[in-house]
>>> print(open('structure.pdb').read())   # PDB, C-alpha atoms
ATOM      1  CA  MET E 117      23.419 -82.246  17.949
ATOM      2  CA  ASN E 118      25.189 -82.804  14.686
ATOM      3  CA  ARG E 119      28.705 -82.017  13.795
ATOM      4  CA  GLY E 120      27.884 -78.651  12.140
ATOM      5  CA  GLN E 121      25.986 -77.404  15.145
ATOM      6  CA  ARG E 122      28.807 -78.381  17.491
ATOM      7  CA  GLY E 123      31.268 -76.451  15.343
ATOM      8  CA  LYS E 124      29.087 -73.344  15.369
ATOM      9  CA  LEU E 125      28.648 -73.623  19.131
ATOM     10  CA  ALA E 126      32.417 -73.966  19.628
ATOM     11  CA  MET E 127      33.076 -70.918  17.424
ATOM     12  CA  ALA E 128      30.456 -68.853  19.260
ATOM     13  CA  THR E 129      31.963 -69.850  22.612
ATOM     14  CA  ALA E 130      35.472 -68.967  21.411
ATOM     15  CA  ALA E 131      34.270 -65.592  20.065
ATOM     16  CA  LEU E 132      32.546 -64.846  23.371
ATOM     17  CA  ALA E 133      35.679 -65.791  25.340
ATOM     18  CA  ILE E 134      37.896 -63.603  23.141
ATOM     19  CA  GLY E 135      35.420 -60.733  23.487
ATOM     20  CA  LEU E 136      35.384 -61.016  27.278
ATOM     21  CA  LEU E 137      39.165 -61.205  27.449
ATOM     22  CA  SER E 138      39.533 -58.138  25.266
ATOM     23  CA  LEU E 139      37.184 -56.188  27.527
ATOM     24  CA  THR E 140      38.948 -57.222  30.732
ATOM     25  CA  GLY E 141      42.461 -57.454  29.333
ATOM     26  CA  CYS E 142      43.336 -53.872  30.270
ATOM     27  CA  GLY E 143      42.563 -54.594  33.905
ATOM     28  CA  TYR E 144      44.712 -57.690  33.751
ATOM     29  CA  ILE E 145      47.901 -55.928  32.652
ATOM     30  CA  ASN E 146      47.319 -52.409  34.089
ATOM     31  CA  ALA E 147      46.970 -51.483  37.727
ATOM     32  CA  GLN E 148      43.552 -50.334  38.824
ATOM     33  CA  GLN E 149      43.730 -46.542  39.318
ATOM     34  CA  THR E 150      41.388 -46.515  42.305
ATOM     35  CA  THR E 151      43.797 -48.678  44.306
ATOM     36  CA  GLU E 152      46.549 -46.041  44.175
ATOM     37  CA  GLN E 153      46.599 -43.307  46.838
ATOM     38  CA  TYR E 154      47.491 -39.857  45.591
ATOM     39  CA  SER E 155      46.718 -36.211  46.274
ATOM     40  CA  SER E 156      44.060 -35.122  43.840
ATOM     41  CA  SER E 157      44.607 -31.484  44.706
ATOM     42  CA  ASP E 158      47.117 -28.684  44.369
ATOM     43  CA  GLY E 159      49.043 -29.693  47.490
ATOM     44  CA  THR E 160      51.184 -32.605  48.552
ATOM     45  CA  ARG E 161      50.843 -35.176  51.288
ATOM     46  CA  THR E 162      53.222 -36.872  53.667
ATOM     47  CA  ASP E 163      53.193 -38.718  56.977
ATOM     48  CA  LEU E 164      55.501 -38.181  59.940
ATOM     49  CA  GLY E 165      55.018 -40.484  62.903
ATOM     50  CA  PRO E 166      51.432 -39.985  64.080
ATOM     51  CA  LEU E 167      50.952 -36.908  61.899
ATOM     52  CA  GLN E 168      49.365 -36.974  58.467
ATOM     53  CA  LEU E 169      49.818 -33.805  56.395
ATOM     54  CA  ARG E 170      47.354 -33.411  53.539
ATOM     55  CA  ASN E 171      47.034 -30.933  50.661
ATOM     56  CA  VAL E 172      49.953 -28.821  51.904
ATOM     57  CA  ILE E 173      50.953 -25.793  49.825
ATOM     58  CA  ILE E 174      52.704 -22.475  50.424
ATOM     59  CA  VAL E 175      51.023 -19.294  49.189
ATOM     60  CA  SER E 176      53.484 -16.455  48.561
ATOM     61  CA  ASP E 177      54.104 -13.391  46.401
ATOM     62  CA  GLY E 178      57.593 -14.527  45.444
ATOM     63  CA  GLU E 179      60.818 -16.303  46.267
ATOM     64  CA  GLY E 180      62.332 -15.071  49.510
ATOM     65  CA  LYS E 181      59.087 -13.381  50.525
ATOM     66  CA  PRO E 182      56.814 -14.553  53.367
ATOM     67  CA  GLY E 183      54.615 -17.542  52.616
ATOM     68  CA  ARG E 184      51.551 -18.979  54.350
ATOM     69  CA  VAL E 185      51.418 -22.761  54.746
ATOM     70  CA  ILE E 186      47.904 -24.085  54.159
ATOM     71  CA  GLY E 187      46.526 -27.612  54.301
ATOM     72  CA  ALA E 188      45.438 -30.039  57.013
ATOM     73  CA  VAL E 189      47.354 -31.856  59.748
ATOM     74  CA  TYR E 190      45.838 -34.965  61.352
ATOM     75  CA  ASN E 191      47.159 -36.324  64.653
ATOM     76  CA  THR E 192      46.396 -40.028  65.098
ATOM     77  CA  SER E 193      48.146 -40.322  68.466
ATOM     78  CA  SER E 194      46.718 -40.073  71.977
ATOM     79  CA  ASN E 195      48.988 -37.094  72.788
ATOM     80  CA  ASP E 196      48.948 -33.458  71.749
ATOM     81  CA  VAL E 197      51.771 -32.792  69.285
ATOM     82  CA  ILE E 198      53.529 -29.679  67.995
ATOM     83  CA  LEU E 199      54.458 -29.766  64.311
ATOM     84  CA  THR E 200      57.412 -27.595  63.304
ATOM     85  CA  ILE E 201      57.746 -26.583  59.658
ATOM     86  CA  LYS E 202      61.142 -25.193  58.626
ATOM     87  CA  GLY E 203      61.558 -23.382  55.332
ATOM     88  CA  ALA E 204      64.244 -21.380  53.576
ATOM     89  CA  GLU E 205      66.712 -19.074  55.292
ATOM     90  CA  GLY E 206      65.956 -20.415  58.776
ATOM     91  CA  SER E 207      62.274 -19.514  58.650
ATOM     92  CA  GLN E 208      59.969 -21.732  60.662
ATOM     93  CA  THR E 209      56.479 -21.955  62.105
ATOM     94  CA  GLN E 210      54.929 -24.203  64.739
ATOM     95  CA  VAL E 211      51.469 -25.737  64.648
ATOM     96  CA  PRO E 212      49.851 -27.349  67.711
ATOM     97  CA  VAL E 213      47.692 -30.384  66.868
ATOM     98  CA  LYS E 214      45.421 -31.904  69.520
ATOM     99  CA  LYS E 215      45.366 -35.660  70.140
ATOM    100  CA  ASN E 216      43.117 -37.739  67.876
ATOM    101  CA  SER E 217      42.117 -34.589  66.023
ATOM    102  CA  TYR E 218      43.148 -32.341  63.173
ATOM    103  CA  THR E 219      44.155 -28.749  62.551
ATOM    104  CA  MET E 220      43.236 -26.882  59.397
ATOM    105  CA  LEU E 221      45.947 -24.536  58.195
ATOM    106  CA  ASN E 222      43.721 -22.039  56.466
ATOM    107  CA  GLY E 223      44.583 -18.658  57.888
ATOM    108  CA  SER E 224      41.543 -18.322  60.130
ATOM    109  CA  SER E 225      42.478 -21.068  62.577
ATOM    110  CA  ASP E 226      46.249 -20.819  62.399
ATOM    111  CA  ALA E 227      48.608 -18.353  60.805
ATOM    112  CA  ALA E 228      51.390 -20.756  59.800
ATOM    113  CA  ILE E 229      53.641 -18.242  58.065
ATOM    114  CA  LEU E 230      57.224 -18.810  56.975
ATOM    115  CA  SER E 231      59.259 -15.593  56.832
ATOM    116  CA  ALA E 232      60.945 -16.693  53.579
ATOM    117  CA  THR E 233      59.669 -18.924  50.800
ATOM    118  CA  GLY E 234      62.343 -21.134  49.298
ATOM    119  CA  ALA E 235      60.973 -21.045  45.751
ATOM    120  CA  LYS E 236      59.126 -18.783  43.365
ATOM    121  CA  PRO E 237      55.416 -19.359  42.700
ATOM    122  CA  GLY E 238      54.933 -22.305  40.373
ATOM    123  CA  ALA E 239      57.966 -24.164  41.723
ATOM    124  CA  LEU E 240      58.482 -26.606  44.586
ATOM    125  CA  ALA E 241      60.013 -25.565  47.903
ATOM    126  CA  GLU E 242      61.742 -28.058  50.162
ATOM    127  CA  VAL E 243      60.595 -27.901  53.779
ATOM    128  CA  THR E 244      61.651 -29.875  56.827
ATOM    129  CA  ILE E 245      58.978 -31.032  59.223
ATOM    130  CA  SER E 246      59.411 -32.375  62.732
ATOM    131  CA  GLU E 247      57.149 -33.213  65.631
ATOM    132  CA  ASN E 248      57.895 -33.188  69.325
ATOM    133  CA  GLY E 249      56.159 -36.491  70.167
ATOM    134  CA  THR E 250      58.739 -38.837  68.646
ATOM    135  CA  ASN E 251      61.357 -36.278  67.608
ATOM    136  CA  LYS E 252      61.149 -37.531  64.030
ATOM    137  CA  GLU E 253      62.107 -35.271  61.143
ATOM    138  CA  ALA E 254      61.517 -35.482  57.389
ATOM    139  CA  LYS E 255      61.981 -33.383  54.261
ATOM    140  CA  PHE E 256      59.417 -33.064  51.514
ATOM    141  CA  THR E 257      58.630 -30.698  48.672
ATOM    142  CA  VAL E 258      55.637 -28.393  48.688
ATOM    143  CA  PRO E 259      54.179 -26.459  45.744
ATOM    144  CA  VAL E 260      54.397 -22.670  45.990
ATOM    145  CA  LEU E 261      51.412 -20.790  44.570
ATOM    146  CA  ASP E 262      50.605 -17.096  44.378
ATOM    147  CA  GLY E 263      47.383 -15.106  44.315
ATOM    148  CA  THR E 264      46.800 -15.604  40.584
ATOM    149  CA  LEU E 265      44.044 -18.084  41.411
ATOM    150  CA  VAL E 266      41.239 -16.321  43.256
ATOM    151  CA  ASP E 267      40.942 -19.243  45.686
ATOM    152  CA  TYR E 268      44.423 -18.516  47.043
ATOM    153  CA  LYS E 269      44.459 -14.705  46.917
ATOM    154  CA  ASN E 270      43.061 -14.373  50.463
ATOM    155  CA  PHE E 271      45.820 -16.617  51.820
ATOM    156  CA  LEU E 272      48.673 -14.342  50.737
ATOM    157  CA  PRO E 273      50.440 -13.116  53.865
ATOM    158  CA  THR E 274      49.835  -9.451  54.503
ATOM    159  CA  PRO E 275      53.012  -7.447  54.928
ATOM    160  CA  GLU E 276      53.906  -6.394  58.446
ATOM    161  CA  PRO E 277      53.017  -2.754  59.027
ATOM    162  CA  THR E 278      56.072  -0.551  59.061
ATOM    163  CA  PRO E 279      56.313   1.964  61.861
ATOM    164  CA  SER E 280      55.518   5.431  60.627
ATOM    165  CA  GLY E 281      56.850   8.657  62.058
ATOM    166  CA  THR E 282      55.069   9.740  65.218
ATOM    167  CA  ALA E 283      54.241  13.285  66.050
ATOM    168  CA  THR E 284      56.353  14.738  68.828
ATOM    169  CA  ALA E 285      56.164  18.132  70.411
ATOM    170  CA  THR E 286      58.990  20.394  69.306
ATOM    171  CA  GLU E 287      59.776  23.911  70.285
ATOM    172  CA  THR E 288      58.967  26.222  67.409
ATOM    173  CA  GLY E 289      60.029  29.532  68.822
ATOM    174  CA  THR E 290      61.939  31.163  71.624
ATOM    175  CA  PRO E 291      60.257  33.127  74.373
ATOM    176  CA  THR E 292      60.549  36.895  74.117
ATOM    177  CA  GLU E 293      60.012  39.743  76.527
ATOM    178  CA  THR E 294      56.486  40.298  77.678
ATOM    179  CA  ALA E 295      54.756  43.069  75.816
ATOM    180  CA  THR E 296      53.662  46.170  77.663
ATOM    181  CA  PRO E 297      50.446  47.827  76.632
ATOM    182  CA  THR E 298      50.650  51.178  74.875
ATOM    183  CA  PRO E 299      48.033  53.883  75.351
ATOM    184  CA  SER E 300      46.683  53.394  71.787
ATOM    185  CA  SER E 301      46.149  49.626  72.249
ATOM    186  CA  THR E 302      44.159  50.138  75.449
ATOM    187  CA  ALA E 303      42.034  53.054  74.206
ATOM    188  CA  GLY E 304      38.330  52.396  74.258
ATOM    189  CA  HIS E 305      38.572  49.552  76.737
TER     190      HIS E 305
END
>>> encode(input="structure.pdb", output="structure tokens")
Amino acid sequence: MNRGQRGKLAMATAALAIGLLSLTGCGYINAQQTTEQYSSSDGTRTDLGPLQLRNVIIVSDGEGKPGRVIGAVYNTSSNDVILTIKGAEGSQTQVPVKKNSYTMLNGSSDAAILSATGAKPGALAEVTISENGTNKEAKFTVPVLDGTLVDYKNFLPTPEPTPSGTATATETGTPTETATPTPSSTAGH
């Protein structure tokens, strides 16, 4: 190999190395997105002791109105656990979760309804969660959505029926003397 060929080979090798570095350089200085855990949904996630809450949201018509908590709760412990979710104005709901299992908060399996939502739809509401297994407690924020999206319309809490007036028997008249038949009213009988 002569000197000219060696120079061309060195330049080709350098060009190839620069090309490979430019293709992989982004991965060298930027974190790989698939290694980061995140909620790729409308809801949020958090862990509390053996409980893992996933895709948790509150569906409500407005701030201060009732809101249904939907999502999933996984229990990784060998004991049944009761999750308590506390919202605004002292509202709370309890969700039983069986050992080594999960509970879907979707309205059909559990009606986890808070009597008052702490934020208007489109905002974040702070809730406090606790579980009776380890008596741990944590706060986290949950998105509040309304029925604008068709997927969430069925999850809006239905208002409690208000008692309507019931029919009661009332006296409409006062008794009078008994009528005595007259000869004209009994004629022909």
>>> resolve_selection(input="structure.pdb", expression="the PyMOL selection byres ((chain E and resi 184-196) around 8)", output="ChimeraX atom specification")
/E:159,166-176,182-183,197-198,212-223,227-230,249,271-273
>>> resolve_selection(input="structure.pdb", expression="the PyMOL selection byres ((chain E and resi 202-207) around 7)", output="ChimeraX atom specification")
/E:200-201,208-209,230-234,242-245
>>> atom_distance(input="structure.pdb", atom1="CA of Gly263 in chain E", atom2="CA of Pro237 in chain E")
9.2 Å
>>> atom_distance(input="structure.pdb", atom1="CA of Ser246 in chain E", atom2="CA of Leu199 in chain E")
5.8 Å
>>> closest_residue(input="structure.pdb", among="E:Glu247, E:Lys236, E:Gly180, E:Gly120", to="Leu261 in chain E", atoms="all atoms listed in the file")
E:Lys236
>>> closest_residue(input="structure.pdb", among="E:Glu179, E:Thr274, E:Thr160, E:Thr129", to="Phe256 in chain E", atoms="all atoms listed in the file")
E:Thr160
>>> atom_distance(input="structure.pdb", atom1="CA of Gly238 in chain E", atom2="CA of Arg161 in chain E")
17.4 Å
>>> closest_residue(input="structure.pdb", among="E:Asp158, E:Lys124, E:Asp177, E:Leu136", to="Lys269 in chain E", atoms="all atoms listed in the file")
E:Asp177
>>> decode(input="structure.pdb", residues="range 225-236 of chain E", atoms="N, CA and C atoms", output="mmCIF file, in the first residue's frame")
data_model
loop_
_atom_site.group_PDB
_atom_site.id
_atom_site.type_symbol
_atom_site.label_atom_id
_atom_site.label_comp_id
_atom_site.auth_asym_id
_atom_site.auth_seq_id
_atom_site.Cartn_x
_atom_site.Cartn_y
_atom_site.Cartn_z
ATOM 1 N N SER E 225 -67.097 -1.267 39.615
ATOM 2 C CA SER E 225 -66.606 -2.113 40.704
ATOM 3 C C SER E 225 -66.590 -1.377 42.035
ATOM 4 N N ASP E 226 -66.407 -0.090 42.010
ATOM 5 C CA ASP E 226 -66.324 0.667 43.253
ATOM 6 C C ASP E 226 -66.739 2.105 42.989
ATOM 7 N N ALA E 227 -67.616 2.595 43.804
ATOM 8 C CA ALA E 227 -68.053 3.989 43.662
ATOM 9 C C ALA E 227 -67.256 4.857 44.623
ATOM 10 N N ALA E 228 -66.014 5.155 44.270
ATOM 11 C CA ALA E 228 -65.151 5.995 45.104
ATOM 12 C C ALA E 228 -65.490 7.450 44.816
ATOM 13 N N ILE E 229 -66.426 7.993 45.587
ATOM 14 C CA ILE E 229 -66.907 9.350 45.334
ATOM 15 C C ILE E 229 -66.557 10.255 46.502
ATOM 16 N N LEU E 230 -65.931 11.377 46.180
ATOM 17 C CA LEU E 230 -65.657 12.421 47.167
ATOM 18 C C LEU E 230 -66.826 13.402 47.121
ATOM 19 N N SER E 231 -67.311 13.823 48.277
ATOM 20 C CA SER E 231 -68.476 14.718 48.306
ATOM 21 C C SER E 231 -68.150 16.120 47.805
ATOM 22 N N ALA E 232 -66.873 16.502 47.818
ATOM 23 C CA ALA E 232 -66.474 17.822 47.312
ATOM 24 C C ALA E 232 -65.137 17.715 46.596
ATOM 25 N N THR E 233 -65.098 18.258 45.382
ATOM 26 C CA THR E 233 -63.864 18.283 44.610
ATOM 27 C C THR E 233 -63.116 19.561 44.964
ATOM 28 N N GLY E 234 -61.833 19.455 45.184
ATOM 29 C CA GLY E 234 -61.051 20.602 45.616
ATOM 30 C C GLY E 234 -60.556 21.496 44.508
ATOM 31 N N ALA E 235 -60.985 21.264 43.271
ATOM 32 C CA ALA E 235 -60.525 22.096 42.158
ATOM 33 C C ALA E 235 -61.548 22.019 41.033
ATOM 34 N N LYS E 236 -61.507 23.015 40.167
ATOM 35 C CA LYS E 236 -62.418 23.008 39.026
ATOM 36 C C LYS E 236 -61.846 22.100 37.937
#
